[in-house]
>>> print(open('my_file-v6.cif').read())   # mmCIF, C-alpha atoms
data_model
loop_
_atom_site.label_atom_id
_atom_site.label_comp_id
_atom_site.auth_asym_id
_atom_site.auth_seq_id
_atom_site.Cartn_x
_atom_site.Cartn_y
_atom_site.Cartn_z
CA MET A 568 -1.82 6.49 18.13
CA THR A 569 -4.49 7.16 15.57
CA ILE A 570 -5.05 8.90 12.30
CA THR A 571 -8.62 9.64 11.28
CA ILE A 572 -10.17 9.32 7.87
CA GLY A 573 -10.91 13.05 8.07
CA GLN A 574 -7.20 13.80 8.48
CA ILE A 575 -6.40 11.54 5.52
CA ARG A 576 -9.06 13.18 3.33
CA GLY A 577 -7.76 16.64 4.25
CA PHE A 578 -4.18 15.66 3.52
CA LEU A 579 -4.97 14.16 0.11
CA ARG A 580 -7.14 17.12 -0.87
CA LEU A 581 -4.07 19.38 -0.62
CA HIS A 582 -1.29 16.94 -1.51
CA GLU A 583 0.57 17.40 -4.78
CA ARG A 584 1.59 13.91 -5.86
CA ARG A 585 5.28 13.41 -6.61
CA GLU A 586 5.95 11.56 -9.86
CA LEU A 587 9.36 10.01 -10.40
CA GLY A 588 9.72 10.77 -14.11
CA THR A 589 12.33 8.00 -14.41
CA PRO A 590 12.42 6.55 -17.93
CA GLY A 591 12.10 2.80 -18.31
CA LEU A 592 9.98 2.16 -15.21
CA ARG A 593 6.79 0.20 -15.71
CA LYS A 594 3.67 2.03 -14.44
CA ALA A 595 1.72 0.23 -11.74
CA ALA A 596 -0.91 1.10 -9.15
CA VAL A 597 -1.94 -0.36 -5.82
CA LEU A 598 -5.12 0.19 -3.82
CA VAL A 599 -4.58 1.42 -0.27
CA LEU A 600 -8.08 0.56 0.96
CA LEU A 601 -8.88 1.96 4.42
CA TYR A 602 -11.95 1.00 6.41
CA PRO A 603 -13.12 1.05 10.03
CA LYS A 604 -13.05 -2.14 12.08
CA ALA A 605 -13.12 -2.51 15.86
CA SER A 606 -13.04 1.28 16.32
CA GLU A 607 -9.92 1.92 14.26
CA LEU A 608 -8.87 2.24 10.63
CA HIS A 609 -7.55 -0.89 8.96
CA VAL A 610 -5.81 -1.39 5.62
CA LEU A 611 -6.44 -4.30 3.27
CA LEU A 612 -3.30 -6.26 2.38
CA THR A 613 -2.64 -9.62 0.73
CA ARG A 614 -0.02 -12.31 0.98
CA ARG A 615 1.02 -13.21 -2.54
CA THR A 616 1.30 -16.83 -3.63
CA GLU A 617 4.56 -18.46 -4.63
CA ASP A 618 3.17 -18.72 -8.19
CA VAL A 619 3.07 -15.02 -9.09
CA GLU A 620 5.74 -13.47 -11.32
CA HIS A 621 6.92 -10.73 -8.95
CA HIS A 622 7.33 -10.51 -5.15
CA LYS A 623 6.45 -14.14 -4.38
CA GLY A 624 5.08 -14.75 -0.89
CA GLN A 625 5.36 -11.10 0.12
CA ILE A 626 2.71 -8.99 1.84
CA SER A 627 1.41 -6.39 -0.57
CA PHE A 628 -1.46 -4.14 -1.49
CA PRO A 629 -3.87 -5.38 -4.14
CA GLY A 630 -2.60 -3.96 -7.43
CA GLY A 631 -0.36 -4.43 -10.41
CA SER A 632 0.80 -3.21 -13.79
CA MET A 633 -1.16 -0.71 -15.81
CA ASP A 634 -2.81 -2.26 -18.89
CA GLU A 635 -3.42 -0.44 -22.17
CA GLU A 636 -7.17 -0.75 -21.55
CA ASP A 637 -6.95 1.07 -18.21
CA ALA A 638 -8.17 4.66 -18.46
CA ASP A 639 -5.74 5.76 -15.73
CA LEU A 640 -3.90 4.50 -12.65
CA ILE A 641 -7.07 4.60 -10.56
CA ALA A 642 -8.67 2.21 -13.05
CA THR A 643 -5.59 -0.02 -12.76
CA ALA A 644 -5.82 -0.18 -8.96
CA LEU A 645 -9.56 -0.91 -9.04
CA ARG A 646 -9.28 -3.55 -11.79
CA GLU A 647 -6.41 -5.33 -10.08
CA SER A 648 -8.21 -5.27 -6.70
CA GLU A 649 -11.29 -6.79 -8.29
CA GLU A 650 -9.19 -9.48 -9.99
CA GLU A 651 -7.10 -10.30 -6.93
CA VAL A 652 -9.53 -10.12 -4.01
CA GLY A 653 -12.97 -9.71 -5.59
CA LEU A 654 -13.40 -6.14 -4.33
CA PRO A 655 -16.33 -4.54 -6.20
CA ARG A 656 -15.13 -1.31 -7.82
CA ALA A 657 -18.11 0.57 -6.41
CA ALA A 658 -17.09 -0.39 -2.85
CA ALA A 659 -14.01 1.86 -2.90
CA GLN A 660 -14.48 5.61 -2.55
CA ILE A 661 -11.34 7.14 -4.08
CA LEU A 662 -9.74 9.76 -1.82
CA GLY A 663 -6.66 10.54 -3.91
CA MET A 664 -3.23 9.38 -4.99
CA PHE A 665 0.04 9.42 -3.08
CA ASP A 666 3.61 9.75 -4.36
CA GLU A 667 5.06 7.31 -6.86
CA TYR A 668 7.42 4.73 -5.43
CA GLU A 669 10.18 2.96 -7.39
CA THR A 670 10.77 -0.74 -6.77
CA PRO A 671 14.03 -2.59 -7.39
CA SER A 672 12.06 -4.74 -9.86
CA GLY A 673 11.54 -1.73 -12.16
CA PHE A 674 8.06 -0.49 -11.31
CA ALA A 675 6.82 3.03 -10.60
CA ILE A 676 3.97 2.30 -8.19
CA THR A 677 1.21 4.82 -7.58
CA PRO A 678 -0.68 4.27 -4.32
CA VAL A 679 -4.39 4.98 -4.88
CA VAL A 680 -5.94 5.70 -1.48
CA ALA A 681 -9.58 4.73 -1.02
CA TYR A 682 -12.12 4.36 1.78
CA ALA A 683 -14.96 1.92 2.41
CA ASP A 684 -17.54 2.25 5.20
CA GLU A 685 -17.09 -1.48 5.70
CA LEU A 686 -15.14 -4.23 4.00
CA PRO A 687 -17.49 -6.17 1.71
CA PRO A 688 -17.24 -9.96 1.44
CA LEU A 689 -14.17 -10.82 -0.60
CA ASN A 690 -13.26 -13.79 -2.77
CA HIS A 691 -9.55 -13.94 -3.54
CA ASN A 692 -7.92 -15.30 -6.68
CA ILE A 693 -6.09 -18.39 -5.38
CA GLY A 694 -3.54 -18.19 -8.21
CA GLU A 695 -2.33 -14.78 -7.03
CA VAL A 696 -3.38 -14.35 -3.40
CA ALA A 697 -2.62 -16.86 -0.67
CA GLU A 698 -4.26 -14.86 2.11
CA ILE A 699 -6.17 -11.63 2.73
CA LEU A 700 -4.95 -9.59 5.71
CA GLU A 701 -6.82 -6.88 7.61
CA VAL A 702 -4.12 -4.83 9.36
CA PRO A 703 -4.81 -1.99 11.83
CA LEU A 704 -3.04 1.25 10.86
CA SER A 705 -1.78 1.39 14.45
CA VAL A 706 0.70 -1.37 13.52
CA PHE A 707 2.49 1.15 11.28
CA LEU A 708 2.09 4.12 13.63
CA ASP A 709 3.78 2.47 16.63
CA VAL A 710 7.58 2.72 16.31
CA GLN A 711 7.83 -0.29 18.64
CA ASN A 712 6.60 -2.40 15.71
CA GLU A 713 9.22 -1.01 13.32
CA ARG A 714 12.56 -2.59 12.48
CA VAL A 715 15.06 -0.97 10.10
CA GLU A 716 17.81 -2.64 8.09
CA LYS A 717 20.42 -1.03 5.85
CA ARG A 718 20.41 -2.60 2.38
CA LYS A 719 22.35 -1.80 -0.77
CA ARG A 720 20.18 -0.68 -3.66
CA MET A 721 21.39 0.93 -6.88
CA ASN A 722 24.88 1.32 -5.38
CA ARG A 723 23.74 3.15 -2.27
CA LEU A 724 22.67 2.16 1.21
CA ILE A 725 19.00 2.66 2.00
CA ASP A 726 16.78 2.04 5.00
CA VAL A 727 14.40 -0.91 4.58
CA TYR A 728 11.50 -0.97 7.04
CA PHE A 729 9.91 -4.09 8.52
CA TYR A 730 6.68 -4.37 10.53
CA ARG A 731 5.48 -7.44 12.41
CA PHE A 732 1.79 -8.34 12.25
CA GLY A 733 1.04 -11.66 13.93
CA SER A 734 3.15 -14.25 12.13
CA HIS A 735 3.64 -11.96 9.12
CA GLU A 736 6.46 -9.59 8.30
CA ILE A 737 5.48 -6.61 6.18
CA TRP A 738 8.41 -4.98 4.39
CA GLY A 739 9.60 -3.69 1.04
CA ALA A 740 7.44 -1.38 -1.06
CA THR A 741 4.32 -2.03 1.05
CA ALA A 742 6.00 -1.00 4.30
CA ALA A 743 7.80 1.95 2.67
CA ILE A 744 4.62 3.29 1.06
CA LEU A 745 2.56 2.99 4.26
CA ARG A 746 5.29 4.53 6.38
CA ALA A 747 5.82 7.49 4.01
CA PHE A 748 2.08 8.05 3.61
CA LEU A 749 1.27 7.94 7.33
CA GLN A 750 4.24 10.15 8.22
CA SER A 751 3.12 12.68 5.59
CA VAL A 752 -0.43 12.71 6.98
CA ARG A 753 0.91 13.13 10.53
CA SER A 754 3.22 15.98 9.52
CA LYS A 755 0.20 17.94 8.24
CA ASN A 756 -1.86 16.99 11.31
CA PRO A 757 0.35 17.44 14.39
CA SER A 758 -2.49 16.29 16.62
CA ALA A 759 -2.49 12.85 14.91
CA GLY A 760 -1.03 10.15 17.14
#
>>> encode(input="my_file-v6.cif", output="structure tokens")
Amino acid sequence: MTITIGQIRGFLRLHERRELGTPGLRKAAVLVLLYPKASELHVLLTRRTEDVEHHKGQISFPGGSMDEEDADLIATALRESEEEVGLPRAAAQILGMFDEYETPSGFAITPVVAYADELPPLNHNIGEVAEILEVPLSVFLDVQNERVEKRKRMNRLIDVYFYRFGSHEIWGATAAILRAFLQSVRSKNPSAG
């Protein structure tokens, strides 16, 4: 069960990003940083501290709200990643952007997908990030790792996806974004695992 960086590049080159266009949502961006480790692609995630304003203790991508000073959402994702985990902006080769995702907390999140030949040394902001996680993409590609719960959101039932990684449970926007992204890449690359 694998997806290659070539398949991801090809998908993003042709993908037309879906924007929600919902008024009142706060613009945000996250960095979906992919890199090879132990012969497979990994994604960089963080476990948020209990001190942050939103999504306390949850597993998430580095990222956050767009600031007025940010030139665009790519700049937001890179700035936030540098602030949260010490990722040098030059270390991330931007591949493209995936579809906006709405959170129950009122954000329209844009996943900015990037690649690094290797993960540089990181130094996380202890006020925001409790732990840095390096998660193989295979965790999200194997349906055996997936658990689904029905939850009520905005007066309708939706599927909420959960993935187990060691002692961590990855769910919410992070799980939904990764699942949708990887399924979209696979649908355009039937040979992908």
>>> residues_around(input="my_file-v6.cif", residues="segment 646-661 of chain A", least_positions_apart="4", cutoff="9 Å", atoms="only C-alpha atoms", output="ChimeraX atom specification")
/A:596-598,600-601,613,628-632,637,641-642,679-696,699
>>> atom_distance(input="my_file-v6.cif", atom1="atom CA of His582 of chain A", atom2="atom CA of Ile744 of chain A")
15.1 Å
>>> closest_residue(input="my_file-v6.cif", among="A:Ser754, A:Gly663, A:Arg746, A:Gly673", to="Met721 of chain A", atoms="all atoms listed in the file")
A:Gly673
>>> atom_distance(input="my_file-v6.cif", atom1="atom CA of Leu579 of chain A", atom2="atom CA of Val715 of chain A")
27.0 Å
>>> closest_residue(input="my_file-v6.cif", among="A:Thr643, A:Asn712, A:Gln750, A:Ser672", to="Leu592 of chain A", atoms="all atoms listed in the file")
A:Ser672
>>> closest_residue(input="my_file-v6.cif", among="A:Tyr602, A:Arg720, A:Arg753, A:His609", to="Glu669 of chain A", atoms="all atoms listed in the file")
A:Arg720
>>> residues_around(input="my_file-v6.cif", residues="Ile570 of chain A", least_positions_apart="2", cutoff="12 Å", atoms="all atoms listed in the file", output="PyMOL selection string")
chain A and resi 568+572-578+601+603+606-609+703-709+748-760
>>> atom_distance(input="my_file-v6.cif", atom1="atom CA of Lys594 of chain A", atom2="atom CA of Leu611 of chain A")
21.4 Å
>>> resolve_selection(input="my_file-v6.cif", expression="the PyMOL selection byres ((chain A and resi 732) around 12)", output="list in words")
Leu612, Ile626, Leu700, Glu701, Val702, Pro703, Leu704, Ser705, Val706, Phe707, Asp709, Gln711, Asn712, Glu713, Phe729, Tyr730, Arg731, Gly733, Ser734, His735, Glu736, Ile737, Trp738 and Ala742 of chain A
>>> closest_residue(input="my_file-v6.cif", among="A:Val727, A:Ala675, A:Leu745, A:Ala638", to="Pro590 of chain A", atoms="only C-alpha atoms")
A:Ala675
>>> closest_residue(input="my_file-v6.cif", among="A:Glu586, A:Glu667, A:Pro678, A:Asp639", to="Val599 of chain A", atoms="all atoms listed in the file")
A:Pro678
>>> closest_residue(input="my_file-v6.cif", among="A:Ile676, A:Arg714, A:Leu662, A:Thr571", to="Ser627 of chain A", atoms="all atoms listed in the file")
A:Ile676
